[in-house]
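So the structure is just underneath, and the comments pick up after that.
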Amino acid sequence: MKKLYFLLLILIGATLISCERAFMVDDEDPHATNVFDYLWNKVDQQYAFFDLKGVDWDSVYEVYRPKVYDDMDSDSLFSVCAAMLNTLRDGHTNLISKFDVSHNDSVYYKMYAERNINTEVVVLNYLTVNYHTTGSLTHNAIRNGDVAYIRYSSFMDAITADNLSYLMEHYKNCKGWILDLRQNGGGNIANISTLLSIFDNHGQPLYHTQIKSGPEHDAFTGMTTVYADSTNYSDIFTEPAFTKPVAVLIDRGSYSATSFFAICTQGYDNIKLFGDYSGGGLGLPNGGALPNGWTYRFSITRTIALDGGNYENGVPPDVRVLIDPESTAQGIDNVIEAAADWIMQ
């Protein structure tokens, strides 16, 4: 998977270089009107999800372009450009200046307002005061030692084969694992490959990807399939491959790399998703510089799951379980309990 991921980055770079040559704007005057038009055109030609998001980009131009004039101050111009990008409802879309960075409010609202976890309940009643820390993973056994509960808070934090070897040995008598990725906002996609390496399936397809290839909104390259790492399992681990059931918990805060991991689970029979829809974020971002020196980024790829779904707006769980306020008040996480019930059965 790592090899194909780096190949994908190379393909993205080559595609964007060709696009840049084809769509180069001659006038790079740093005045406000030109900065706005430059940004609007770049998004128009290279953004990947207009149809899926239901965004009429021409109408967006008609709304925000009249707000721009050449002698407006930088703060005002930044606000207008950020508001324009905000219509994409894409957490991988940002405008960056020396004084501010824009974020998509609808994505962040879902991540926090629709979270499907109470971390205090998890810490007090599942990890408990006797929890263990192995690298970036916190964990403990629940259900009288029959189920391993493992919390991974961010794909920004590295996972190593040694970390996973320890967990497999430590919980070798458990009937299965719960891997809690709720509110994991993503990070380094290479950690997905490491997590998947403990399973016995290697080299099988995980998902498909396409790169924006032209100015038309439906112009994409052909499908490229991303495969699981084909490295021989015995070259990495001394323990047997992990074939016991794994319940992966997701919610609206499970974004970007976490959504990628969620769709990868379709390639493994012993993994099931529990909780709420993920936050999405399955388009890889790329960007450039505006005439006034600000930079931008937005999604220029789209990802198709093995089942044919485009889950940019959220990967669906296999079993949808929403946090129950009454259970939470009693110190019970009913998402964890549902996952544990499945493992025990």
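Each chain in the structure tokens gets a letter, A, B, ..., in the order shown, and its residues are numbered from 1; ligands are numbered from 1 in order too.
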With 8 Å as the cut-off and only C-alpha atoms counted, what is the closest atom pair between each nearby residue of region 186-250 of chain A and region 43-55 of chain A? Distances in Å to one decimal, ordered by chain and number, as JSON lines.
```
{"residue": "A:Ile211", "atom": "CA", "partner": "A:Ala48", "partner_atom": "CA", "distance": 7.9}
{"residue": "A:Lys212", "atom": "CA", "partner": "A:Gln46", "partner_atom": "CA", "distance": 6.0}
{"residue": "A:Ser213", "atom": "CA", "partner": "A:Gln46", "partner_atom": "CA", "distance": 7.5}
{"residue": "A:Gly214", "atom": "CA", "partner": "A:Gln45", "partner_atom": "CA", "distance": 6.6}
{"residue": "A:Pro215", "atom": "CA", "partner": "A:Gln45", "partner_atom": "CA", "distance": 4.0}
{"residue": "A:Glu216", "atom": "CA", "partner": "A:Gln45", "partner_atom": "CA", "distance": 6.5}
{"residue": "A:His217", "atom": "CA", "partner": "A:Gln45", "partner_atom": "CA", "distance": 6.9}
```
Written file, previous selection with all heavy atoms, as a tab-separated table (two decimals), in the first residue's frame:
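So the final result, stored in out.tsv, reads:
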```
chain	number	residue	atom	x	y	z
A	211	ILE	N	-7.85	10.90	-10.21
A	211	ILE	CA	-7.29	12.24	-10.04
A	211	ILE	C	-7.94	13.18	-11.04
A	211	ILE	O	-8.16	12.81	-12.20
A	211	ILE	CB	-5.77	12.24	-10.27
A	211	ILE	CG1	-5.10	11.19	-9.37
A	211	ILE	CG2	-5.17	13.62	-10.00
A	211	ILE	CD1	-3.64	10.94	-9.70
A	212	LYS	N	-8.26	14.38	-10.61
A	212	LYS	CA	-8.80	15.40	-11.51
A	212	LYS	C	-7.78	15.66	-12.62
A	212	LYS	O	-6.62	15.91	-12.36
A	212	LYS	CB	-9.09	16.68	-10.74
A	212	LYS	CG	-9.93	17.71	-11.47
A	212	LYS	CD	-11.36	17.24	-11.62
A	212	LYS	CE	-12.25	18.38	-12.10
A	212	LYS	NZ	-11.88	18.91	-13.41
A	213	SER	N	-8.24	15.62	-13.89
A	213	SER	CA	-7.30	15.65	-15.01
A	213	SER	C	-7.57	16.75	-16.03
A	213	SER	O	-6.82	16.87	-17.00
A	213	SER	CB	-7.30	14.29	-15.72
A	213	SER	OG	-8.59	14.01	-16.25
A	214	GLY	N	-8.61	17.54	-15.86
A	214	GLY	CA	-8.91	18.57	-16.85
A	214	GLY	C	-9.87	19.59	-16.28
A	214	GLY	O	-10.39	19.43	-15.17
A	215	PRO	N	-10.16	20.67	-17.03
A	215	PRO	CA	-10.99	21.75	-16.51
A	215	PRO	C	-12.47	21.40	-16.36
A	215	PRO	O	-13.17	22.03	-15.57
A	215	PRO	CB	-10.79	22.87	-17.54
A	215	PRO	CG	-10.43	22.17	-18.81
A	215	PRO	CD	-9.62	20.98	-18.37
A	216	GLU	N	-12.96	20.42	-17.13
A	216	GLU	CA	-14.36	20.04	-16.98
A	216	GLU	C	-14.57	19.38	-15.62
A	216	GLU	O	-13.74	18.65	-15.13
A	216	GLU	CB	-14.77	19.07	-18.10
A	216	GLU	CG	-14.66	19.63	-19.49
A	216	GLU	CD	-13.24	19.55	-20.04
A	216	GLU	OE1	-12.39	18.88	-19.39
A	216	GLU	OE2	-12.98	20.15	-21.09
A	217	HIS	N	-15.73	19.62	-15.03
A	217	HIS	CA	-15.98	19.11	-13.69
A	217	HIS	C	-15.99	17.59	-13.61
A	217	HIS	O	-15.80	17.02	-12.54
A	217	HIS	CB	-17.30	19.68	-13.14
A	217	HIS	CG	-17.22	21.13	-12.80
A	217	HIS	ND1	-18.27	21.84	-12.23
A	217	HIS	CD2	-16.21	22.03	-12.95
A	217	HIS	CE1	-17.90	23.09	-12.06
A	217	HIS	NE2	-16.66	23.24	-12.48
```
For Val121 (chain A), please output as a short mmCIF file (atom, residue, chain, number, x, y, z; two decimals) with C-alpha atoms, in the first residue's frame all residues within 12 Å (counting only C-alpha atoms; exclusion window: fewer than 3 positions along the same chain).
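Output saved as out.cif:
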```
data_model
loop_
_atom_site.label_atom_id
_atom_site.label_comp_id
_atom_site.auth_asym_id
_atom_site.auth_seq_id
_atom_site.Cartn_x
_atom_site.Cartn_y
_atom_site.Cartn_z
CA ASN A 116 -20.65 9.79 19.15
CA ILE A 117 -18.41 9.36 22.17
CA ASN A 118 -18.16 10.59 25.73
CA LEU A 124 -13.23 6.19 33.67
CA ASN A 125 -15.10 2.98 32.90
CA TYR A 126 -13.34 1.22 30.01
CA LEU A 127 -9.69 2.23 29.98
CA THR A 128 -9.87 2.85 33.75
CA ILE A 323 -24.73 7.10 21.92
CA PRO A 325 -27.82 9.63 26.82
CA SER A 327 -26.62 4.87 29.17
CA THR A 328 -24.00 7.62 29.21
CA ALA A 329 -25.48 8.98 32.44
CA GLN A 330 -24.93 5.54 33.96
CA GLY A 331 -21.30 5.42 32.78
CA ILE A 332 -22.04 3.02 29.92
CA ASP A 333 -20.83 3.47 26.33
CA ASN A 334 -23.49 1.56 24.39
CA VAL A 335 -21.38 1.67 21.20
CA ILE A 336 -18.57 -0.22 22.95
#
```
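Distances here use only C-alpha atoms; by that measure, the residue among A:Gly135, A:Pro317, A:Gly176, A:Gly287 closest to Asn270 (chain A) is A:Gly176.
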> Where in region 51-204 of chain A does DSSP assign helix (DSSP H, G or I), given as a ChimeraX atom specification?
Replying inline: /A:51-53,57-67,74-86,105-113,119-127,161-170,190-196
> From the set A:Tyr296, A:Leu249, A:Leu290, A:Leu179, which residue has the shortest atom-to-atom contact distance to Asn34 (chain A), counting only C-alpha atoms?
Replying inline: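 Checking each candidate against Asn34 (chain A), we get A:Leu290 as the closest.
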Which region 275-295 of chain A residues have any atom within 10 Å of an atom of region 92-105 of chain A, and for each, what is the nearest pair of atoms with distance in Å to one decimal, counting only C-alpha atoms, rows sorted by chain and number, as CSV?
```
residue,atom,partner,partner_atom,distance
A:Gly281,CA,A:His92,CA,6.8
A:Leu282,CA,A:His92,CA,9.1
A:Gly283,CA,A:His92,CA,7.6
A:Leu284,CA,A:His92,CA,7.6
A:Pro285,CA,A:His92,CA,6.0
A:Asn286,CA,A:His92,CA,8.9
A:Gly287,CA,A:Thr93,CA,9.2
A:Ala289,CA,A:Ile96,CA,9.4
A:Leu290,CA,A:Leu95,CA,9.7
A:Asn292,CA,A:Ser97,CA,9.5
A:Gly293,CA,A:Ser97,CA,7.7
A:Trp294,CA,A:Ser97,CA,4.9
A:Thr295,CA,A:Ile96,CA,5.2
```
